[in-house]
Each structure stands twice: as structure tokens, then as C-alpha cells.
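Text of my_file.cif (mmCIF, C-alpha atoms) as supplied:
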```cif
data_protein
#
loop_
_atom_site.label_atom_id
_atom_site.label_comp_id
_atom_site.auth_asym_id
_atom_site.auth_seq_id
_atom_site.Cartn_x
_atom_site.Cartn_y
_atom_site.Cartn_z
CA ASN Z 1 10.75 33.22 0.54
CA PHE Z 2 7.97 30.67 0.80
CA LEU Z 3 7.79 26.98 0.07
CA THR Z 4 5.13 25.70 -2.26
CA PHE Z 5 3.90 22.12 -2.40
CA LEU Z 6 2.39 20.71 -5.57
CA SER Z 7 0.50 17.48 -5.02
CA ILE Z 8 0.96 15.03 -7.86
CA GLY Z 9 -2.15 13.50 -9.45
CA THR Z 10 -3.71 10.72 -7.43
CA PHE Z 11 -3.27 7.88 -9.91
CA LEU Z 12 0.11 7.37 -11.50
CA SER Z 13 1.09 5.51 -14.66
CA SER Z 14 0.39 1.78 -14.74
CA GLU Z 15 4.03 1.24 -15.73
CA VAL Z 16 6.11 0.74 -12.60
CA HIS Z 17 9.85 0.39 -12.14
CA SER Z 18 11.30 -3.06 -12.78
CA LEU Z 19 8.00 -4.33 -14.16
CA GLU Z 20 8.19 -1.96 -17.13
CA ASN Z 21 10.17 -4.31 -19.38
CA ARG Z 22 8.58 -7.56 -18.27
CA LYS Z 23 5.68 -9.52 -19.64
CA LEU Z 24 3.07 -8.67 -17.01
CA GLU Z 25 -0.46 -9.97 -16.83
CA ASP Z 26 -3.00 -7.44 -15.59
CA VAL Z 27 -3.09 -7.58 -11.79
CA GLN Z 28 -6.76 -8.15 -10.97
CA TRP Z 29 -8.96 -6.72 -8.20
CA PRO Z 30 -8.95 -9.22 -5.26
CA LEU Z 31 -12.68 -9.25 -4.45
CA GLU Z 32 -15.92 -9.88 -6.30
CA PHE Z 33 -17.09 -6.31 -5.72
CA LEU Z 34 -15.62 -2.81 -5.64
CA THR Z 35 -15.10 -1.58 -2.10
CA PRO Z 36 -13.48 1.47 -0.47
CA ILE Z 37 -9.76 1.32 0.26
CA THR Z 38 -9.38 2.16 3.93
CA GLY Z 39 -5.61 1.88 4.20
CA SER Z 40 -3.15 2.96 1.54
CA PHE Z 41 0.41 2.29 0.47
CA THR Z 42 3.28 3.68 2.62
CA GLU Z 43 1.08 5.00 5.42
CA TYR Z 44 3.22 5.48 8.54
CA ARG Z 45 1.66 3.50 11.41
CA ASN Z 46 3.16 3.18 14.88
CA SER Z 47 6.75 3.31 13.60
CA THR Z 48 6.00 0.90 10.75
CA VAL Z 49 5.26 1.47 7.07
CA HIS Z 50 2.05 0.05 5.61
CA LEU Z 51 3.26 -1.90 2.59
CA GLY Z 52 -0.03 -2.63 0.84
CA LEU Z 53 -3.71 -1.72 0.60
CA ASP Z 54 -6.57 -2.46 3.01
CA PHE Z 55 -9.94 -3.27 1.44
CA LYS Z 56 -13.07 -2.57 3.47
CA THR Z 57 -15.34 -5.57 4.14
CA TYR Z 58 -17.95 -3.71 6.22
CA GLY Z 59 -17.31 -5.67 9.42
CA ILE Z 60 -18.21 -8.93 7.68
CA ASN Z 61 -16.05 -12.05 7.30
CA GLY Z 62 -16.27 -14.65 4.56
CA PHE Z 63 -16.10 -12.74 1.27
CA LYS Z 64 -14.33 -14.59 -1.54
CA VAL Z 65 -10.67 -13.62 -2.09
CA LEU Z 66 -9.75 -13.94 -5.77
CA ALA Z 67 -6.25 -14.57 -7.14
CA VAL Z 68 -4.89 -11.35 -8.63
CA THR Z 69 -2.37 -13.21 -10.84
CA ASN Z 70 -1.74 -16.70 -12.16
CA GLY Z 71 0.64 -18.76 -10.08
CA TYR Z 72 1.00 -21.02 -7.07
CA ILE Z 73 0.97 -20.74 -3.28
CA GLU Z 74 4.50 -20.18 -2.00
CA SER Z 75 3.74 -20.10 1.74
CA ILE Z 76 0.93 -20.01 4.29
CA SER Z 77 1.17 -18.87 7.89
CA TYR Z 78 -0.82 -18.02 10.99
CA THR Z 79 -0.06 -15.74 13.95
CA LYS Z 80 -2.33 -14.39 16.68
CA GLU Z 81 -1.23 -10.84 15.85
CA GLY Z 82 0.12 -9.05 12.80
CA TYR Z 83 -0.92 -10.63 9.50
CA GLY Z 84 -3.04 -13.31 11.19
CA LEU Z 85 -3.89 -16.05 8.71
CA SER Z 86 -2.10 -15.18 5.48
CA MET Z 87 -0.73 -16.61 2.26
CA ILE Z 88 1.97 -15.53 -0.17
CA THR Z 89 1.59 -16.49 -3.82
CA TYR Z 90 4.11 -16.34 -6.65
CA SER Z 91 3.56 -15.56 -10.31
CA PRO Z 92 6.28 -17.08 -12.57
CA ASN Z 93 5.07 -14.86 -15.41
CA SER Z 94 5.54 -11.48 -13.74
CA LYS Z 95 7.89 -12.53 -10.90
CA LEU Z 96 5.47 -10.82 -8.53
CA ARG Z 97 4.60 -12.10 -5.08
CA THR Z 98 1.25 -11.31 -3.49
CA ARG Z 99 0.45 -11.41 0.21
CA TYR Z 100 -3.19 -11.80 1.31
CA ALA Z 101 -3.58 -11.22 5.06
CA HIS Z 102 -6.12 -11.28 7.93
CA LEU Z 103 -7.92 -14.17 6.21
CA ASN Z 104 -10.71 -16.16 7.83
CA ASP Z 105 -9.87 -19.47 6.15
CA PHE Z 106 -8.63 -21.08 2.94
CA LYS Z 107 -12.01 -22.23 1.67
CA GLY Z 108 -12.26 -22.00 -2.11
CA THR Z 109 -11.39 -23.96 -5.23
CA LEU Z 110 -7.96 -25.19 -4.07
CA SER Z 111 -8.66 -28.73 -2.95
CA GLY Z 112 -7.02 -29.71 0.33
CA LEU Z 113 -5.80 -26.25 1.35
CA GLU Z 114 -8.44 -25.68 4.05
CA LEU Z 115 -7.89 -29.23 5.36
CA LEU Z 116 -4.17 -28.44 5.61
CA ARG Z 117 -4.91 -25.27 7.60
CA ASN Z 118 -7.12 -27.15 10.07
CA SER Z 119 -4.52 -29.88 10.48
CA LEU Z 120 -1.75 -27.36 11.17
CA LEU Z 121 -3.91 -25.54 13.74
CA LEU Z 122 -4.59 -28.82 15.53
CA LEU Z 123 -0.86 -29.56 15.63
CA THR Z 124 0.36 -26.10 16.65
CA GLY Z 125 -2.58 -24.66 18.58
CA GLU Z 126 -2.26 -20.96 19.43
CA THR Z 127 1.47 -20.88 18.68
CA GLY Z 128 0.78 -20.53 14.96
CA PHE Z 129 2.51 -22.01 11.93
CA ALA Z 130 4.43 -21.16 8.77
CA ILE Z 131 5.08 -23.64 5.95
CA LYS Z 132 6.04 -23.64 2.29
CA PRO Z 133 4.09 -26.13 0.15
CA ALA Z 134 5.70 -27.63 -2.93
CA LYS Z 135 5.26 -25.62 -6.15
CA ASP Z 136 2.87 -28.13 -7.66
CA ASP Z 137 0.67 -28.55 -4.57
CA PHE Z 138 -1.60 -25.53 -4.98
CA LYS Z 139 -1.61 -23.98 -8.44
CA PHE Z 140 -4.30 -21.52 -9.51
CA LYS Z 141 -5.36 -19.21 -12.30
CA GLN Z 142 -6.17 -15.54 -12.13
CA ASN Z 143 -9.59 -14.86 -10.56
CA ASP Z 144 -9.75 -18.32 -8.91
CA TRP Z 145 -11.31 -18.33 -5.43
CA ILE Z 146 -8.36 -19.00 -3.07
CA ALA Z 147 -9.48 -17.87 0.42
CA ARG Z 148 -12.09 -15.92 2.43
CA THR Z 149 -11.73 -12.53 4.11
CA GLY Z 150 -11.51 -12.33 7.88
CA GLU Z 151 -10.21 -10.41 10.87
CA THR Z 152 -7.36 -12.61 12.13
CA GLY Z 153 -4.34 -10.82 13.53
CA SER Z 154 -5.77 -7.32 13.30
CA GLY Z 155 -9.09 -7.79 15.07
CA VAL Z 156 -10.83 -5.67 12.42
CA ALA Z 157 -12.49 -7.27 9.40
CA HIS Z 158 -10.73 -6.31 6.16
CA LEU Z 159 -8.45 -7.68 3.44
CA HIS Z 160 -4.80 -6.64 3.36
CA LEU Z 161 -2.99 -7.03 0.02
CA GLU Z 162 0.71 -6.56 -0.81
CA LEU Z 163 2.53 -6.82 -4.16
CA PHE Z 164 6.31 -7.22 -4.11
CA ASP Z 165 9.30 -8.79 -5.80
CA ARG Z 166 13.01 -9.15 -5.05
CA GLU Z 167 13.53 -5.39 -5.33
CA GLY Z 168 10.75 -4.00 -3.17
CA PHE Z 169 7.06 -3.28 -2.75
CA TYR Z 170 4.68 -1.89 -5.39
CA ASN Z 171 1.70 0.36 -4.88
CA PRO Z 172 -1.26 -1.69 -6.14
CA MET Z 173 -3.00 1.55 -7.07
CA SER Z 174 -0.40 1.94 -9.83
CA PHE Z 175 -1.96 -0.98 -11.72
CA LYS Z 176 -4.78 -0.13 -14.09
CA LYS Z 177 -7.32 -2.57 -12.60
CA TYR Z 178 -7.09 -0.63 -9.33
CA SER Z 179 -7.67 2.81 -10.78
CA GLN Z 180 -10.93 4.36 -9.64
CA VAL Z 181 -12.82 7.38 -10.89
CA ASP Z 182 -11.08 10.06 -8.86
CA LEU Z 183 -12.49 13.58 -8.95
CA LYS Z 184 -10.75 14.87 -5.81
CA PHE Z 185 -7.19 16.13 -5.51
CA PRO Z 186 -5.04 15.29 -2.46
CA VAL Z 187 -5.17 17.76 0.44
CA ILE Z 188 -2.06 18.98 2.28
CA GLU Z 189 -2.74 20.11 5.85
CA THR Z 190 0.57 20.70 7.64
CA ILE Z 191 4.30 20.90 6.87
CA TYR Z 192 6.89 19.93 9.48
CA LEU Z 193 10.51 21.12 9.12
CA GLU Z 194 13.03 19.39 11.39
CA THR Z 195 16.57 20.82 11.56
CA GLU Z 196 19.85 19.15 12.53
CA GLY Z 197 19.79 21.16 15.73
CA GLY Z 198 16.57 19.52 16.85
CA GLU Z 199 14.23 22.42 16.10
CA THR Z 200 10.81 21.55 14.64
CA LEU Z 201 8.73 24.11 12.78
CA ILE Z 202 5.01 23.35 12.38
CA LEU Z 203 3.65 25.20 9.37
CA PRO Z 204 -0.05 25.03 8.41
CA ALA Z 205 -0.65 24.76 4.67
CA ARG Z 206 -3.15 26.81 2.70
CA LYS Z 207 -4.84 25.78 -0.54
CA LYS Z 208 -3.93 28.11 -3.38
CA THR Z 209 -5.51 26.09 -6.19
CA GLU Z 210 -6.96 22.57 -6.41
CA ARG Z 211 -3.44 21.18 -6.99
CA LEU Z 212 -1.27 23.76 -5.26
CA PHE Z 213 -0.65 24.39 -1.55
CA GLU Z 214 1.58 26.92 0.14
CA ILE Z 215 2.65 27.69 3.69
CA GLU Z 216 0.37 30.23 5.33
CA ASN Z 217 1.60 33.81 5.68
CA ARG Z 218 4.03 34.36 8.54
CA ASP Z 219 5.03 37.60 10.22
CA GLU Z 220 8.68 36.54 10.08
CA PRO Z 221 10.64 34.72 7.39
CA ILE Z 222 11.87 31.17 7.98
CA HIS Z 223 15.64 30.99 8.58
CA ILE Z 224 17.07 27.47 8.50
CA SER Z 225 20.41 25.98 7.47
CA GLY Z 226 22.10 22.62 7.21
CA LYS Z 227 20.21 19.42 6.60
CA VAL Z 228 16.44 19.74 6.91
CA LYS Z 229 13.90 16.92 7.14
CA VAL Z 230 10.53 17.74 5.58
CA LYS Z 231 7.39 15.89 6.68
CA VAL Z 232 4.02 16.34 5.05
CA ALA Z 233 0.66 15.66 6.71
CA ALA Z 234 -1.71 15.00 3.81
CA PHE Z 235 -4.55 12.78 2.70
CA ASP Z 236 -6.52 11.86 -0.40
CA LEU Z 237 -10.26 11.26 -0.25
CA ILE Z 238 -10.20 9.31 -3.55
CA SER Z 239 -13.81 8.27 -4.20
CA SER Z 240 -14.63 6.62 -0.90
CA ARG Z 241 -14.51 9.56 1.55
CA ASN Z 242 -11.75 7.78 3.45
CA ARG Z 243 -8.55 9.70 4.09
CA ASN Z 244 -5.94 7.79 2.09
CA GLY Z 245 -2.26 8.55 1.71
CA ILE Z 246 -1.00 10.65 -1.18
CA PHE Z 247 0.96 8.95 -3.97
CA GLY Z 248 3.59 11.60 -4.46
CA PHE Z 249 4.53 15.23 -4.07
CA LEU Z 250 6.87 17.87 -5.42
CA LEU Z 251 8.60 20.47 -3.24
CA TYR Z 252 10.05 23.61 -4.74
CA ALA Z 253 11.05 27.11 -3.67
CA ASN Z 254 11.69 30.14 -5.87
CA LYS Z 255 10.85 28.07 -8.96
CA LYS Z 256 13.56 25.52 -8.11
CA ASN Z 257 12.79 21.82 -7.69
CA LEU Z 258 14.11 20.75 -4.27
CA PHE Z 259 12.64 17.27 -3.93
CA ASP Z 260 10.08 15.00 -5.54
CA LYS Z 261 8.86 11.53 -4.74
CA LYS Z 262 6.35 9.16 -6.35
CA MET Z 263 5.03 6.55 -3.94
CA ASP Z 264 4.39 3.87 -6.55
CA PHE Z 265 7.36 1.75 -5.45
CA LEU Z 266 9.31 1.32 -2.21
CA PRO Z 267 12.69 -0.42 -2.53
CA PHE Z 268 13.80 -2.62 0.34
CA LYS Z 269 16.79 -0.32 0.94
CA GLU Z 270 14.51 2.69 1.43
CA LEU Z 271 12.25 0.73 3.75
CA SER Z 272 15.23 0.03 6.02
CA LEU Z 273 16.07 3.76 6.08
CA LYS Z 274 12.60 5.00 7.01
CA HIS Z 275 13.88 6.66 10.20
CA ALA Z 276 16.88 8.35 8.53
#
```
Write the structure described by the file as C-alpha cells, please.
Amino acid sequence: NFLTFLSIGTFLSSEVHSLENRKLEDVQWPLEFLTPITGSFTEYRNSTVHLGLDFKTYGINGFKVLAVTNGYIESISYTKEGYGLSMITYSPNSKLRTRYAHLNDFKGTLSGLELLRNSLLLLTGETGFAIKPAKDDFKFKQNDWIARTGETGSGVAHLHLELFDREGFYNPMSFKKYSQVDLKFPVIETIYLETEGGETLILPARKKTERLFEIENRDEPIHISGKVKVKVAAFDLISSRNRNGIFGFLLYANKKNLFDKKMDFLPFKELSLKHA
């Protein structure tokens, strides 16, 4: 018997989970220009899950960050590490929250926001801050200039963007404004099988067709029983030549569907079970 992995198409439907039956404005691109996505949704990084997208800014700070929805600023914060200078906005129309992180400053069209940041930094120094302005303090419309890109927290210039609501996190690539012309299928490199007994099998994958991968020929069959954890080492070049995470996969053996997962949405309960 052999296991076969079928990589699901790179871009999924723009309809996502709990947003399907809501009135949802189009979630806009957050910059004035198209740029490669250097970090993708649900990447596993140093025992943490990457919950958004990273947009390349070519080592430069100060690009305009545009509001992806209508709404108001729910909170702003600053830490020396992690998200650095960041803001969370809320859209009453779609019930979506958006986090913009690693910002350089809050310069833009929201009067008084940058002055507030400077005042808080003077008061708190390097210890950082976190506050929630009143709903009516900083309202904006979609595509308004609300901040500038930076490298705070991470030490590497880029924009980090997350979209979430009370249920969990959404893959921004699932929204139509984020779809790019994608002529490359995801590539599966290695399959890891971990058994209850602690045994780990490392199985190189071989491309059978553009969309289909299978485990390379082995001299002996694979004999496993009980619960088995399957890990997939894979990437998607998309259109930027950066290795991005895949958005879903299907596992089947002997024409039987064993497991499938679309990474367009990550519920909070699954996030807490990432090590299970």
C-alpha cells in the first residue's frame, strides 16, 4: 500500500466560514502597491503558529498602510519584541478585526493618533503601552491611510496583517482582493509519520503529476497501527518565488479519503490544540 497526497489548489473560495452569511465589504489590499507575501497563514514558527500574512517592504520603512475595511481603532500597543508597534481595528459591518503589526508610526490621515503614540512613549519609555481608545476617537474608511510600515518588534522591515473575529483567524488569501495570478502548484517534499510508540518515519515525496505526490518507492511496506500523526513539509511558490505555506491538502490511501484540511480558517479551539 502507498499513501498519496493531493495538494489542493492554491487559492480557495472567497467565501469563508462564519462570514458566508454576513454582509461583508471587500477586504482591501493593505498597501499602495502589490508586493510579495513572504510569510503565510498557519506557518509553524518556533512552536508558534503564524496567524496572518507578512508583506515584503524591501528593507524599507515608511510605506503607507491602508485600512482594509471601514471601522474604528479598537486598540494600539507597543512592545520591544513580538508585534512591536501595532493596532487592532474593528469593522462593525463585517464584525472583523484587523491587526497591523511591526509599524513604524501612526502617521496618516487620523488626526491626533501619532501625537498620542509619542505621548505614550514619553510616559512609558521602553516598557511599552497598550490602550483602547473610545469608539468615536479614531474612525476611518476603507483605503484611508492609517499608519506606516516599519520593523518594530521583529527587527526586519515588513507588514504583518491578521484578520479575525470571535471564532478564530481567517486566511487573508481567501479574500478575492488578495488573490494573485498563480501558475504554480504547491510542492510536497517530505512526509513524517509519528506513531503512538514514539517511532518517526521520514518519507520523501515524489511528484507524480503537477497536483499529485506520492511516497517514494520503498523496499519494504510500511506497517503501522494505532493513532498516527501525519506531518507534511510543503511549500507554495505562488507568484513571488518565496516558499509560502500550502492552503490545504487531502490524504488518501487505496482510494479512501483519510483526512483533508483547508487552511482558510483556524478556530481558536484548534489553535490551542496545535501540539495535540
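Counting from atom CA of Ala233 of chain Z, the distance to atom CA of Thr42 of chain Z is 12.9 Å.
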Open item on the list: Quick check, in Å to one decimal: how far apart do atom CA of Ile37 of chain Z and atom CA of Ile191 of chain Z lie?
Closed with: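 Answer for the atom CA of Ile37 of chain Z to atom CA of Ile191 of chain Z separation: 25.0 Å.
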Task: Top pick for closest residue to Lys269 of chain Z, considering Z:Glu167, Z:Glu74, Z:Glu81, Z:Glu210 and counting all atoms listed in the file - done: Z:Glu167
- [ ] Give the answer as one residue: which of Z:Lys80, Z:Lys56, Z:Lys107, Z:Arg97 has the shortest atom-to-atom distance to Thr127 of chain Z, using all atoms listed in the file?
- [x] Z:Lys80
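Taking all atoms listed in the file into account, the protein, DNA and RNA residues within 8 Å of (3.0, -25.9, -0.3) read Ile73, Glu74, Ser75, Ile76, Ile131, Lys132, Pro133, Ala134, Lys135, Asp136, Asp137 and Phe138 of chain Z.
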Output file for the residues above (C-alpha atoms, as a CSV table (one decimal), in the frame of the given file):
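Below is the file that was written, again.csv:
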```csv
chain,number,residue,atom,x,y,z
Z,73,ILE,CA,1.0,-20.7,-3.3
Z,74,GLU,CA,4.5,-20.2,-2.0
Z,75,SER,CA,3.7,-20.1,1.7
Z,76,ILE,CA,0.9,-20.0,4.3
Z,131,ILE,CA,5.1,-23.6,6.0
Z,132,LYS,CA,6.0,-23.6,2.3
Z,133,PRO,CA,4.1,-26.1,0.2
Z,134,ALA,CA,5.7,-27.6,-2.9
Z,135,LYS,CA,5.3,-25.6,-6.2
Z,136,ASP,CA,2.9,-28.1,-7.7
Z,137,ASP,CA,0.7,-28.6,-4.6
Z,138,PHE,CA,-1.6,-25.5,-5.0
```
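The coordinates place atom CA of Gly39 of chain Z at 17.3 Å from atom CA of Phe185 of chain Z.
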Open item on the list: At a cut-off of 7 Å, using all atoms listed in the file, what residues contact segment 193-196 of chain Z? Leave out same-chain residues fewer than 6 positions from it and give the result as number ranges by chain.
Closed with: Z: 202, 226-231
Open item on the list: Taking all atoms listed in the file into account, name the residue in Z:Met263, Z:Leu31, Z:Ile146, Z:Leu163 that is nearest to Ser111 of chain Z.
Closed with: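 Residue with the minimum atom-to-atom distance to Ser111 of chain Z: Z:Ile146.
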Task: Selected residue, from Z:Phe164, Z:Phe63, Z:Trp29, Z:Tyr192, that lies nearest to Ser91 of chain Z when counting all atoms listed in the file - done: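 When distances to Ser91 of chain Z are compared using all atoms listed in the file, the smallest one comes from Z:Phe164.
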TODO: Compare Z:Gly52, Z:Gly82, Z:Pro221, Z:Pro267 by their minimum atom-to-atom distance to Arg166 of chain Z, counting all atoms listed in the file, and give me the closest one.
DONE: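 Residue with the minimum atom-to-atom distance to Arg166 of chain Z: Z:Pro267.
Considering the residues Z:Tyr83, Z:Tyr44, Z:Tyr252, Z:Tyr100 and counting all atoms listed in the file, Ala234 of chain Z has its shortest atom-to-atom contact with Z:Tyr44.
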Open item on the list: I need the output of the PyMOL selection byres ((chain Z and resi 204) around 12) for this file as a PyMOL selection string; which residues are they?
Closed with: chain Z and resi 3-5+187-193+201-203+205-207+213-218+231-234
